[in-house]
>>> print(open('data.cif').read())   # mmCIF, C-alpha atoms and all ligand atoms
data_protein
loop_
_atom_site.label_atom_id
_atom_site.label_comp_id
_atom_site.auth_asym_id
_atom_site.auth_seq_id
_atom_site.Cartn_x
_atom_site.Cartn_y
_atom_site.Cartn_z
CA ALA A 555 3.19 44.66 3.58
CA VAL A 556 1.34 42.36 1.22
CA ASN A 557 -2.34 42.18 2.07
CA ASP A 558 -4.44 39.07 1.54
CA SER A 559 -6.05 40.26 -1.67
CA GLU A 560 -2.63 40.52 -3.30
CA VAL A 561 -1.64 36.93 -2.45
CA THR A 562 -1.82 34.85 -5.62
CA PRO A 563 -3.72 31.65 -4.82
CA PHE A 564 -2.18 28.41 -6.00
CA SER A 565 -3.91 26.39 -8.70
CA VAL A 566 -3.94 22.56 -8.77
CA PRO A 567 -6.03 20.08 -10.81
CA SER A 568 -8.38 18.01 -8.64
CA TYR A 569 -7.22 14.43 -9.37
CA ALA A 570 -3.73 13.43 -8.20
CA CYS A 571 -3.25 11.55 -11.50
CA GLN A 572 -3.48 14.90 -13.35
CA ARG A 573 -0.57 16.31 -11.35
CA ARG A 574 3.20 15.88 -11.34
CA SER A 575 4.14 14.98 -7.77
CA THR A 576 7.88 14.70 -7.27
CA LEU A 577 9.57 13.80 -3.99
CA LYS A 578 10.17 17.50 -3.39
CA ASN A 579 7.74 18.77 -0.76
CA HIS A 580 7.63 22.44 0.34
CA ASN A 581 4.95 21.76 2.92
CA ALA A 582 6.30 18.76 4.86
CA VAL A 583 5.16 20.07 8.27
CA LEU A 584 1.57 20.33 7.03
CA THR A 585 1.58 17.10 5.02
CA ASP A 586 3.20 15.07 7.85
CA SER A 587 0.39 16.21 10.15
CA LEU A 588 -2.36 15.39 7.67
CA SER A 589 -0.71 12.02 6.88
CA LEU A 590 -0.67 11.16 10.57
CA LEU A 591 -4.42 11.86 10.81
CA ALA A 592 -4.91 9.77 7.65
CA GLU A 593 -2.95 6.91 9.20
CA ASN A 594 -4.97 7.13 12.41
CA ALA A 595 -8.23 7.04 10.43
CA GLU A 596 -7.05 4.04 8.38
CA LEU A 597 -5.97 2.19 11.51
CA SER A 598 -9.41 2.87 12.99
CA ASP A 599 -11.17 1.46 9.91
CA GLU A 600 -12.38 4.88 8.81
CA ASP A 601 -11.14 4.64 5.23
CA GLY A 602 -13.30 7.50 3.97
CA ARG A 603 -11.73 9.94 6.40
CA GLY A 604 -8.31 8.48 5.67
CA VAL A 605 -8.64 9.15 1.95
CA ALA A 606 -9.88 12.69 2.59
CA PHE A 607 -6.72 13.47 4.62
CA ARG A 608 -4.49 11.71 2.02
CA ARG A 609 -6.02 13.80 -0.77
CA ALA A 610 -5.58 17.01 1.18
CA ALA A 611 -1.92 16.16 1.92
CA ALA A 612 -1.33 15.34 -1.77
CA VAL A 613 -2.65 18.75 -2.85
CA LEU A 614 -0.22 20.50 -0.47
CA LYS A 615 2.66 18.29 -1.70
CA ALA A 616 1.97 19.50 -5.24
CA LEU A 617 2.33 23.22 -4.38
CA PRO A 618 5.42 25.02 -5.76
CA SER A 619 6.24 26.74 -2.45
CA ALA A 620 5.42 26.76 1.25
CA VAL A 621 1.96 27.87 2.35
CA THR A 622 2.17 30.83 4.75
CA LYS A 623 -1.38 32.21 4.66
CA MET A 624 -4.80 30.54 4.59
CA SER A 625 -5.81 32.88 1.74
CA GLN A 626 -3.34 31.11 -0.56
CA LEU A 627 -5.49 27.97 -0.30
CA LYS A 628 -8.59 29.58 -1.79
CA GLY A 629 -10.03 27.55 -4.63
CA LEU A 630 -7.77 24.53 -4.08
CA PRO A 631 -9.48 21.12 -4.47
CA CYS A 632 -9.73 18.37 -1.80
CA LEU A 633 -9.27 20.66 1.21
CA GLY A 634 -12.24 19.91 3.44
CA GLU A 635 -13.29 21.74 6.57
CA HIS A 636 -11.39 19.37 8.84
CA SER A 637 -8.10 19.55 6.89
CA LEU A 638 -8.37 23.35 6.66
CA ARG A 639 -8.83 23.55 10.45
CA VAL A 640 -5.66 21.48 10.97
CA ILE A 641 -3.69 23.64 8.50
CA LYS A 642 -4.93 26.86 10.13
CA ASP A 643 -3.94 25.58 13.57
CA ILE A 644 -0.40 24.82 12.35
CA LEU A 645 0.03 28.12 10.48
CA GLU A 646 -1.21 30.13 13.48
CA ASN A 647 0.12 28.14 16.45
CA GLY A 648 2.98 26.12 15.00
CA ALA A 649 1.20 22.83 15.70
CA SER A 650 -2.22 21.18 15.57
CA SER A 651 -3.65 20.16 18.94
CA GLU A 652 -5.55 17.29 17.28
CA VAL A 653 -2.39 15.93 15.66
CA GLU A 654 -0.39 16.25 18.90
CA SER A 655 -3.04 14.51 21.00
CA THR A 656 -3.46 11.73 18.40
CA LYS A 657 0.29 11.16 18.30
CA GLU A 658 0.40 10.84 22.10
CA SER A 659 -2.70 8.69 22.47
CA GLU A 660 -2.14 5.19 23.87
CA ARG A 661 -4.52 3.72 21.31
CA PHE A 662 -2.66 5.20 18.32
CA LYS A 663 0.71 4.13 19.70
CA ALA A 664 -0.55 0.59 20.30
CA LEU A 665 -2.13 0.38 16.82
CA LYS A 666 1.18 1.50 15.26
CA VAL A 667 3.26 -1.05 17.16
CA LEU A 668 0.88 -3.97 16.60
CA THR A 669 0.17 -3.30 12.91
CA GLY A 670 3.92 -2.87 12.48
CA ILE A 671 4.06 -6.65 12.86
CA PHE A 672 4.01 -8.23 9.38
CA GLY A 673 0.70 -10.09 9.01
CA VAL A 674 -1.23 -7.98 11.54
CA GLY A 675 -3.95 -5.68 10.21
CA SER A 676 -6.03 -3.03 11.96
CA LYS A 677 -8.87 -5.44 12.86
CA THR A 678 -6.56 -7.88 14.65
CA ALA A 679 -4.70 -5.04 16.38
CA ASP A 680 -8.00 -3.55 17.55
CA ARG A 681 -9.13 -6.89 19.00
CA TRP A 682 -5.83 -7.31 20.84
CA ILE A 683 -6.03 -3.76 22.25
CA ARG A 684 -9.52 -4.48 23.56
CA GLU A 685 -8.00 -7.53 25.28
CA GLY A 686 -5.41 -5.29 26.94
CA ILE A 687 -2.48 -6.00 24.60
CA HIS A 688 -0.62 -2.75 23.75
CA ASN A 689 2.93 -3.83 22.98
CA LEU A 690 5.06 -6.74 21.78
CA GLN A 691 5.89 -8.04 25.25
CA GLN A 692 2.22 -8.12 26.23
CA LEU A 693 1.50 -9.94 22.98
CA ARG A 694 4.24 -12.52 23.62
CA ASP A 695 2.98 -13.04 27.20
CA SER A 696 -0.68 -13.26 26.18
CA GLY A 697 -0.55 -16.71 24.62
CA GLN A 698 -2.53 -15.41 21.60
CA THR A 699 -2.48 -17.81 18.69
CA LEU A 700 -0.44 -16.28 15.88
CA ASN A 701 -0.55 -17.44 12.29
CA ARG A 702 2.65 -18.25 10.38
CA ALA A 703 2.97 -14.73 8.92
CA GLN A 704 2.49 -13.10 12.32
CA GLN A 705 5.01 -15.44 13.97
CA ALA A 706 7.58 -14.48 11.34
CA GLY A 707 6.59 -10.82 11.68
CA LEU A 708 7.08 -10.85 15.43
CA GLU A 709 10.38 -12.72 15.17
CA HIS A 710 11.81 -10.23 12.63
CA TYR A 711 10.06 -7.13 13.96
CA ASP A 712 13.18 -4.97 14.53
CA ASP A 713 14.64 -5.72 11.09
CA ILE A 714 11.37 -5.18 9.24
CA LYS A 715 10.68 -1.80 10.83
CA GLN A 716 14.11 -0.60 9.64
CA PRO A 717 13.74 1.14 6.27
CA VAL A 718 15.20 -0.74 3.29
CA SER A 719 17.93 1.25 1.51
CA LEU A 720 18.30 1.58 -2.26
CA ALA A 721 21.60 -0.38 -2.01
CA GLU A 722 19.75 -3.23 -0.29
CA ALA A 723 16.94 -3.08 -2.88
CA GLU A 724 19.52 -3.30 -5.67
CA ALA A 725 21.27 -6.21 -3.98
CA ILE A 726 17.95 -8.05 -3.79
CA ARG A 727 17.23 -7.19 -7.42
CA GLY A 728 20.52 -8.88 -8.30
CA ILE A 729 19.65 -11.99 -6.32
CA VAL A 730 16.08 -12.28 -7.62
CA GLY A 731 17.33 -11.51 -11.13
CA ARG A 732 19.78 -14.45 -10.98
CA ALA A 733 17.04 -16.68 -9.55
CA VAL A 734 14.62 -15.73 -12.35
CA ALA A 735 17.32 -16.22 -15.01
CA SER A 736 18.10 -19.70 -13.75
CA VAL A 737 14.47 -20.91 -13.71
CA SER A 738 13.29 -19.06 -16.87
CA PRO A 739 16.11 -17.49 -18.94
CA GLU A 740 13.81 -15.29 -21.09
CA ALA A 741 11.79 -13.88 -18.19
CA GLN A 742 12.05 -10.18 -17.36
CA ILE A 743 12.11 -8.55 -13.94
CA VAL A 744 11.40 -4.92 -12.94
CA LEU A 745 11.67 -3.10 -9.64
CA THR A 746 8.28 -1.48 -8.92
CA GLY A 747 6.77 0.30 -5.87
CA GLY A 748 8.45 3.25 -4.23
CA PHE A 749 11.95 2.51 -5.57
CA ARG A 750 10.65 2.84 -9.16
CA ARG A 751 9.29 6.25 -8.15
CA GLY A 752 12.82 7.29 -7.18
CA LYS A 753 12.51 6.87 -3.41
CA LEU A 754 15.79 6.17 -1.61
CA THR A 755 14.20 4.00 1.09
CA GLY A 756 11.14 1.80 1.37
CA HIS A 757 9.28 -0.47 3.76
CA ASP A 758 9.77 -3.35 1.35
CA VAL A 759 11.09 -4.19 -2.13
CA ASP A 760 8.53 -4.82 -4.89
CA PHE A 761 9.20 -6.77 -8.11
CA LEU A 762 7.13 -7.51 -11.19
CA ILE A 763 8.12 -10.47 -13.35
CA THR A 764 6.84 -11.39 -16.82
CA HIS A 765 7.74 -13.55 -19.82
CA PRO A 766 7.78 -12.26 -23.44
CA GLU A 767 5.77 -15.28 -24.58
CA GLU A 768 2.18 -15.30 -23.29
CA GLY A 769 1.57 -18.38 -21.16
CA SER A 770 5.24 -19.08 -20.46
CA GLU A 771 4.91 -17.20 -17.15
CA VAL A 772 2.67 -20.02 -15.85
CA GLY A 773 4.46 -22.02 -13.20
CA LEU A 774 7.28 -19.50 -12.91
CA MET A 775 6.47 -18.42 -9.35
CA PRO A 776 6.66 -21.88 -7.72
CA LYS A 777 9.98 -22.56 -9.49
CA LEU A 778 11.35 -19.19 -8.42
CA VAL A 779 10.28 -19.71 -4.81
CA SER A 780 11.80 -23.23 -4.74
CA TRP A 781 15.09 -21.87 -6.09
CA LEU A 782 15.19 -19.10 -3.48
CA GLU A 783 14.29 -21.56 -0.73
CA SER A 784 16.97 -24.02 -1.82
CA GLN A 785 19.54 -21.23 -1.43
CA GLY A 786 18.31 -20.47 2.10
CA LEU A 787 17.25 -16.96 1.07
CA LEU A 788 13.70 -17.00 2.42
CA LEU A 789 12.74 -16.64 6.09
CA TYR A 790 9.04 -16.72 5.19
CA GLN A 791 6.94 -16.89 2.04
CA LYS A 792 3.31 -17.24 1.12
CA THR A 793 2.31 -17.55 -2.51
CA THR A 794 -1.20 -16.73 -3.64
CA ARG A 795 -2.47 -18.30 -6.84
CA ASN A 796 -3.64 -16.49 -9.94
CA SER A 797 -7.36 -16.85 -10.42
CA TYR A 798 -7.86 -13.89 -12.77
CA LEU A 799 -9.69 -14.69 -15.96
CA GLU A 800 -10.77 -11.91 -18.28
CA GLY A 801 -14.55 -11.49 -18.19
CA SER A 802 -14.87 -14.10 -15.45
CA GLU A 803 -17.01 -11.71 -13.41
CA GLY A 804 -19.94 -12.31 -15.69
CA PRO A 805 -21.38 -10.49 -18.70
CA GLY A 806 -21.66 -6.74 -18.41
CA ARG A 807 -19.99 -6.68 -15.04
CA PRO A 808 -16.77 -4.70 -14.73
CA PRO A 809 -13.72 -6.47 -13.35
CA SER A 810 -13.03 -5.87 -9.67
CA ASN A 811 -9.89 -4.15 -8.46
CA ILE A 812 -8.84 -7.05 -6.28
CA ASP A 813 -5.46 -8.30 -7.36
CA ARG A 814 -5.43 -11.96 -8.26
CA PHE A 815 -1.93 -12.23 -9.58
CA GLU A 816 0.40 -14.90 -8.66
CA ARG A 817 1.92 -13.03 -5.81
CA CYS A 818 4.49 -13.98 -3.23
CA LEU A 819 4.72 -12.08 0.05
CA SER A 820 8.08 -12.93 1.53
CA ILE A 821 10.73 -12.11 4.08
CA PHE A 822 14.22 -12.32 2.60
CA LYS A 823 17.37 -13.19 4.48
CA LEU A 824 19.84 -10.63 3.15
CA SER A 825 23.49 -11.30 4.03
CA ALA A 826 25.75 -8.41 4.95
CA GLY A 827 28.14 -9.30 2.14
CA GLN A 828 25.37 -9.11 -0.45
CA THR A 829 24.87 -5.34 -0.10
CA GLY A 830 28.60 -4.66 -0.23
CA ARG A 831 28.17 -2.36 2.74
CA GLY A 832 27.31 -4.78 5.48
CA VAL A 833 24.23 -4.63 7.65
CA GLN A 834 24.66 -0.90 8.03
CA SER A 835 21.70 0.52 9.87
CA GLU A 836 22.67 1.99 13.24
CA GLU A 837 19.82 0.45 15.22
CA THR A 838 20.61 -2.98 13.81
CA ALA A 839 24.28 -2.62 14.65
CA ALA A 840 23.37 -1.44 18.16
CA SER A 841 21.61 -4.73 18.83
CA PRO A 842 24.31 -7.32 19.62
CA SER A 843 22.35 -10.23 18.21
CA ALA A 844 21.92 -8.39 14.92
CA ALA A 845 25.59 -7.40 14.80
CA GLU A 846 26.67 -11.00 15.37
CA ARG A 847 24.40 -12.60 12.82
CA ARG A 848 25.61 -10.67 9.73
CA TRP A 849 22.28 -10.67 7.96
CA ARG A 850 18.99 -8.84 8.11
CA ALA A 851 15.36 -9.62 7.29
CA VAL A 852 13.79 -7.61 4.43
CA ARG A 853 10.19 -7.67 3.20
CA VAL A 854 10.04 -8.55 -0.50
CA ASP A 855 6.92 -8.75 -2.71
CA LEU A 856 7.05 -10.70 -5.96
CA VAL A 857 4.30 -10.49 -8.59
CA VAL A 858 4.15 -12.50 -11.84
CA SER A 859 2.08 -11.13 -14.71
CA PRO A 860 1.31 -12.47 -18.20
CA ILE A 861 2.80 -10.16 -20.85
CA SER A 862 -0.72 -9.20 -22.07
CA GLN A 863 -1.40 -7.61 -18.67
CA PHE A 864 2.13 -6.36 -18.01
CA ALA A 865 1.49 -2.62 -18.65
CA PHE A 866 -1.50 -2.67 -16.29
CA ALA A 867 0.47 -4.56 -13.65
CA LEU A 868 3.44 -2.18 -13.96
CA LEU A 869 1.18 0.87 -13.62
CA GLY A 870 -0.75 -0.74 -10.76
CA TRP A 871 2.28 -1.82 -8.73
CA THR A 872 4.31 1.38 -9.11
CA GLY A 873 2.03 3.48 -6.91
CA SER A 874 1.84 5.63 -4.95
CA LYS A 875 -1.24 4.15 -3.32
CA LEU A 876 -3.06 7.48 -3.59
CA PHE A 877 -1.98 7.91 -7.23
CA GLU A 878 -3.44 4.42 -7.97
CA ARG A 879 -6.66 5.22 -6.17
CA GLU A 880 -7.00 8.50 -8.05
CA LEU A 881 -6.34 6.80 -11.42
CA ARG A 882 -9.17 4.36 -10.73
CA ARG A 883 -11.46 7.19 -9.54
CA TRP A 884 -10.65 9.20 -12.67
CA ALA A 885 -11.31 6.17 -14.88
CA GLY A 886 -14.65 5.45 -13.21
CA HIS A 887 -16.02 8.95 -12.65
CA GLU A 888 -14.65 10.83 -15.65
CA LYS A 889 -14.34 8.12 -18.31
CA GLY A 890 -16.86 5.40 -17.44
CA MET A 891 -14.06 2.84 -17.34
CA SER A 892 -12.77 0.34 -14.78
CA LEU A 893 -9.02 0.18 -14.27
CA SER A 894 -7.24 -2.59 -12.37
CA SER A 895 -3.75 -4.08 -12.28
CA HIS A 896 -4.95 -6.53 -14.94
CA ALA A 897 -6.97 -4.55 -17.44
CA LEU A 898 -8.92 -1.48 -18.54
CA TYR A 899 -12.62 -2.06 -19.22
CA ASP A 900 -14.92 0.37 -21.02
CA ASN A 901 -18.24 0.12 -19.18
CA LYS A 902 -20.32 1.79 -21.90
CA GLN A 903 -18.89 -0.19 -24.80
CA GLY A 904 -18.73 -3.34 -22.69
CA ARG A 905 -15.24 -4.25 -23.83
CA TYR A 906 -11.65 -4.47 -22.67
CA ILE A 907 -9.10 -1.98 -23.99
CA ARG A 908 -5.65 -3.41 -24.76
CA ALA A 909 -2.43 -1.60 -23.94
CA SER A 910 1.21 -2.64 -24.08
CA SER A 911 2.75 0.35 -22.29
CA GLU A 912 1.94 2.73 -19.45
CA GLU A 913 1.92 5.58 -22.00
CA GLU A 914 -0.93 3.89 -23.90
CA ILE A 915 -2.98 3.46 -20.73
CA PHE A 916 -2.68 7.16 -19.84
CA ALA A 917 -3.68 7.99 -23.43
CA HIS A 918 -6.76 5.71 -23.26
CA LEU A 919 -7.71 7.47 -20.02
CA GLY A 920 -7.35 10.90 -21.64
CA LEU A 921 -4.54 11.83 -19.23
CA GLU A 922 -1.16 13.40 -19.87
CA PHE A 923 1.57 10.78 -19.25
CA ILE A 924 3.06 11.10 -15.75
CA PRO A 925 6.42 9.31 -15.36
CA PRO A 926 6.99 7.14 -12.25
CA THR A 927 9.15 9.74 -10.46
CA GLU A 928 6.22 12.19 -10.68
CA ARG A 929 3.66 9.77 -9.20
CA ASN A 930 4.66 10.47 -5.59
CA ALA A 931 1.25 11.82 -4.62
N1 LIG A 1001 -0.48 -1.55 -4.27
C1 LIG A 1001 -1.83 -1.38 -4.41
N2 LIG A 1001 -2.68 -2.08 -3.61
C2 LIG A 1001 -2.21 -2.92 -2.66
C3 LIG A 1001 -0.84 -3.09 -2.50
C4 LIG A 1001 0.00 -2.39 -3.33
O1 LIG A 1001 -2.26 -0.62 -5.25
N3 LIG A 1001 -3.07 -3.57 -1.88
C5 LIG A 1001 0.44 -0.85 -5.16
C6 LIG A 1001 0.61 0.60 -4.85
C7 LIG A 1001 1.93 0.65 -4.16
C8 LIG A 1001 2.69 -0.51 -4.76
O2 LIG A 1001 1.69 -1.45 -5.10
O3 LIG A 1001 2.58 1.85 -4.37
C9 LIG A 1001 3.66 -1.12 -3.83
O4 LIG A 1001 3.09 -1.29 -2.53
P1 LIG A 1001 3.87 -0.85 -1.24
O5 LIG A 1001 2.94 -1.05 -0.09
O6 LIG A 1001 5.17 -1.54 -1.18
O7 LIG A 1001 4.05 0.72 -1.46
P2 LIG A 1001 5.32 1.56 -1.87
O8 LIG A 1001 6.34 0.70 -2.54
O9 LIG A 1001 4.77 2.71 -2.64
O10 LIG A 1001 5.84 2.10 -0.48
P3 LIG A 1001 7.18 1.68 0.31
O11 LIG A 1001 8.25 2.52 -0.29
O12 LIG A 1001 6.93 2.04 1.74
O13 LIG A 1001 7.40 0.22 0.13
MG MG A 1002 7.15 -0.98 -1.58
#
>>> encode(input="data.cif", output="C-alpha cells", more="lines below")
Ligand code: DCP
Ligand code: MG
Amino acid sequence: AVNDSEVTPFSVPSYACQRRSTLKNHNAVLTDSLSLLAENAELSDEDGRGVAFRRAAAVLKALPSAVTKMSQLKGLPCLGEHSLRVIKDILENGASSEVESTKESERFKALKVLTGIFGVGSKTADRWIREGIHNLQQLRDSGQTLNRAQQAGLEHYDDIKQPVSLAEAEAIRGIVGRAVASVSPEAQIVLTGGFRRGKLTGHDVDFLITHPEEGSEVGLMPKLVSWLESQGLLLYQKTTRNSYLEGSEGPGRPPSNIDRFERCLSIFKLSAGQTGRGVQSEETAASPSAAERRWRAVRVDLVVSPISQFAFALLGWTGSKLFERELRRWAGHEKGMSLSSHALYDNKQGRYIRASSEEEIFAHLGLEFIPPTERNA
C-alpha cells in the first residue's frame, strides 16, 4: 500500500491565467460541489465567498488526475479551510452535507428559479422571496410590476433555460453575419464567450463586431438591430450606448472595468429550419406549444468595438468569467496595471499600452499565451 508520504502532491500556479484549463475535468464531483456553493454565495450577494469557491474549483479542474487523498492537495493554492472541509467530506463520505442541504434548501431553489428569468438579478429575487414569491406561478399571480426585460424573460422562460447547442450558435452566426454584411460590408464578426472556448453548449451566444477602419463602427449597432427587427428575428432587445472615452476618468485615475461598449442584449427568434435540425431539444418538443410553433427563443449578446480596442474586447468577452477576473487581478497585483475590455493601463507610467492581438496583451502582462480553448477555468 502507498502511504501518504509517498503520494506526490500536485503543483499548480496560483493565478488561473497562468494555467491551461481545458474542458477536461478529472474532478467533476468535487468541482460541481464547490461551484454550487459558489453559485449560492453569489446569489446571496456574498461575492467574496463566491470567488473563493470558484478559485478552489478552478484549481481542482486544472489537476491532471482525480484527487483521492487529502495529502495530494498539500501546497496547492486557493484551497481555503472551507473548501478543504467540503473536499474532505466528499472524499470520505461520498458527499458534502453542506452541499446537499444547500441544494435542497427552499431559498436556493427559489433563487435559482427566479434569477433564471432573463432580467432578474439576485437583489430582485431576494426581495420577491421575502414577499413570499418562490416560483413562476406565484410571480405571475403576485401582480408584481415587471420591466420589459423581465416580461420577455418570463414569457420565454422554458426556451431560455434550455442550453443553446453549437449548431444553433452557428446558425445564429450565419444570420448575424448576413445582417452585418448588409449594413456594413467591411465589418467583421467573431463568436466569443463559451463557444470560442470550445464549449458545445452555452446559456447564450456572444458576438463581437468591429470594422477595420477606426470610427466606421459608429452607428453600426442601431443599423444592425433595425435590420434584425425588420426581419422579425428579435423577440426582445435593449441596446446600451458606448460612453467609453480613453482617459475620461480623469488624470492619473485608472480606467474602470465597467463595460461601456455599444452592447445589445437580445432574445432571438430562431426558426427550426434555420438550424437544419429543427427545434431539437427534448423538453421543447415535449411541450405541445413549442412543438407547434417551430421556433425557439435564444439569448444573444452583441458587442461592437472600435478596431483600436478589438484585442482587449476579444480577450475580455471570451472568458471564462474566472479567467477574466484572474487576468485583471494578475494585472493589478503583479504588474501594477489595469486591464479592461477596452484597454491596458500602466498605473506607474501613467499611460495606456496599445495591443492589436491577444498574444500582445499576454506578452505585456508577462504571461505565457493561453489560447481560448485553455481558458476554461
Ligand atoms: N463577461 C464579463 N463580464 C460580464 C459579462 C461577460 O467578463 N459582466 C465576459 C466573460 C464571459 C463572456 O463575457 O465568459 C461571455 O459571457 P457569458 O455570461 O455568456 O459567459 P460564457 O459565454 O462564458 O458562458 P455560457 O457558455 O454559459 O454562455
Ligand atoms: Mg455566453
>>> residues_around(input="data.cif", residues="Gly728 of chain A", least_positions_apart="3", cutoff="12 Å", atoms="all atoms listed in the file", output="compact mmCIF listing (two decimals) with C-alpha atoms, keeping the file's coordinate frame")
# COMPACT_ATOMS: atom_id res chain seq x y z
CA ALA A 721 21.60 -0.38 -2.01
CA GLU A 722 19.75 -3.23 -0.29
CA ALA A 723 16.94 -3.08 -2.88
CA GLU A 724 19.52 -3.30 -5.67
CA ALA A 725 21.27 -6.21 -3.98
CA GLY A 731 17.33 -11.51 -11.13
CA ARG A 732 19.78 -14.45 -10.98
CA ALA A 733 17.04 -16.68 -9.55
CA VAL A 734 14.62 -15.73 -12.35
CA ALA A 735 17.32 -16.22 -15.01
CA ILE A 743 12.11 -8.55 -13.94
CA VAL A 744 11.40 -4.92 -12.94
CA LEU A 745 11.67 -3.10 -9.64
CA PHE A 761 9.20 -6.77 -8.11
CA LEU A 824 19.84 -10.63 3.15
CA GLN A 828 25.37 -9.11 -0.45
CA THR A 829 24.87 -5.34 -0.10
>>> residues_near_ligand(input="data.cif", ligand="ligand MG 1002 (chain A)", cutoff="8 Å", atoms="only C-alpha atoms and all ligand atoms", output="list in words")
Thr746, Gly747, Gly748, Phe749, Gly756, His757, Asp758, Val759, Asp760 and Asp855 of chain A
>>> residues_near_ligand(input="data.cif", ligand="ligand LIG 1001 (chain A)", cutoff="10 Å", atoms="only C-alpha atoms and all ligand atoms", output="ChimeraX atom specification")
/A:717-719,745-761,811-813,853-855,867-879,894-895,929-931
>>> atom_distance(input="data.cif", atom1="atom CA of Lys777 of chain A", atom2="atom CA of Ser736 of chain A")
9.6 Å
>>> residues_around(input="data.cif", residues="Ser910 of chain A", least_positions_apart="2", cutoff="8 Å", atoms="all atoms listed in the file", output="list in words")
Ser862, Gln863, Phe864, Ala865, Arg908, Glu912 and Glu914 of chain A
>>> atom_distance(input="data.cif", atom1="atom CA of Val779 of chain A", atom2="atom CA of Glu767 of chain A")
20.8 Å
>>> atom_distance(input="data.cif", atom1="atom CA of Ser619 of chain A", atom2="atom CA of Val566 of chain A")
12.7 Å
>>> residues_near_point(input="data.cif", point="(-0.8, 32.5, 0.6)", cutoff="8 Å", atoms="all atoms listed in the file", output="count of residues only")
12
>>> residues_around(input="data.cif", residues="Leu921 of chain A", least_positions_apart="2", cutoff="12 Å", atoms="all atoms listed in the file", output="ChimeraX atom specification")
/A:567,569-574,880-881,884-885,888-889,912-919,923-925
>>> residues_around(input="data.cif", residues="segment 653-663 of chain A", least_positions_apart="6", cutoff="7 Å", atoms="only C-alpha atoms", output="list in words")
Ser587, Leu591 and Asn594 of chain A
>>> axis_aligned_box(input="data.cif", around="segment 869-883 of chain A", padding_each_side="3 Å", output="JSON")
{"center_x": -3.6, "center_y": 3.3, "center_z": -8.5, "size_x": 21.8, "size_y": 16.3, "size_z": 16.3}
>>> closest_residue(input="data.cif", among="A:Ile726, A:Ala741, A:Leu584, A:Leu590", to="Gly827 of chain A", atoms="only C-alpha atoms")
A:Ile726
>>> closest_residue(input="data.cif", among="A:Arg905, A:Arg817, A:Lys792, A:Arg603", to="Val857 of chain A", atoms="all atoms listed in the file")
A:Arg817
>>> residues_around(input="data.cif", residues="Leu597 of chain A", least_positions_apart="4", cutoff="12 Å", atoms="all atoms listed in the file", output="PDB file with C-alpha atoms, in the frame of the given file")
ATOM      1  CA  LEU A 590      -0.670  11.160  10.570  1.00  0.00           C
ATOM      2  CA  LEU A 591      -4.420  11.860  10.810  1.00  0.00           C
ATOM      3  CA  ALA A 592      -4.910   9.770   7.650  1.00  0.00           C
ATOM      4  CA  GLU A 593      -2.950   6.910   9.200  1.00  0.00           C
ATOM      5  CA  ASP A 601     -11.140   4.640   5.230  1.00  0.00           C
ATOM      6  CA  GLY A 602     -13.300   7.500   3.970  1.00  0.00           C
ATOM      7  CA  ARG A 603     -11.730   9.940   6.400  1.00  0.00           C
ATOM      8  CA  GLY A 604      -8.310   8.480   5.670  1.00  0.00           C
ATOM      9  CA  ARG A 661      -4.520   3.720  21.310  1.00  0.00           C
ATOM     10  CA  PHE A 662      -2.660   5.200  18.320  1.00  0.00           C
ATOM     11  CA  LYS A 663       0.710   4.130  19.700  1.00  0.00           C
ATOM     12  CA  ALA A 664      -0.550   0.590  20.300  1.00  0.00           C
ATOM     13  CA  LEU A 665      -2.130   0.380  16.820  1.00  0.00           C
ATOM     14  CA  LYS A 666       1.180   1.500  15.260  1.00  0.00           C
ATOM     15  CA  VAL A 667       3.260  -1.050  17.160  1.00  0.00           C
ATOM     16  CA  LEU A 668       0.880  -3.970  16.600  1.00  0.00           C
ATOM     17  CA  THR A 669       0.170  -3.300  12.910  1.00  0.00           C
ATOM     18  CA  GLY A 670       3.920  -2.870  12.480  1.00  0.00           C
ATOM     19  CA  VAL A 674      -1.230  -7.980  11.540  1.00  0.00           C
ATOM     20  CA  GLY A 675      -3.950  -5.680  10.210  1.00  0.00           C
ATOM     21  CA  SER A 676      -6.030  -3.030  11.960  1.00  0.00           C
ATOM     22  CA  LYS A 677      -8.870  -5.440  12.860  1.00  0.00           C
ATOM     23  CA  THR A 678      -6.560  -7.880  14.650  1.00  0.00           C
ATOM     24  CA  ALA A 679      -4.700  -5.040  16.380  1.00  0.00           C
ATOM     25  CA  ASP A 680      -8.000  -3.550  17.550  1.00  0.00           C
TER      26      ASP A 680
END
>>> closest_residue(input="data.cif", among="A:Leu774, A:Ile907, A:Ile714, A:Val605", to="Ile821 of chain A", atoms="only C-alpha atoms")
A:Ile714
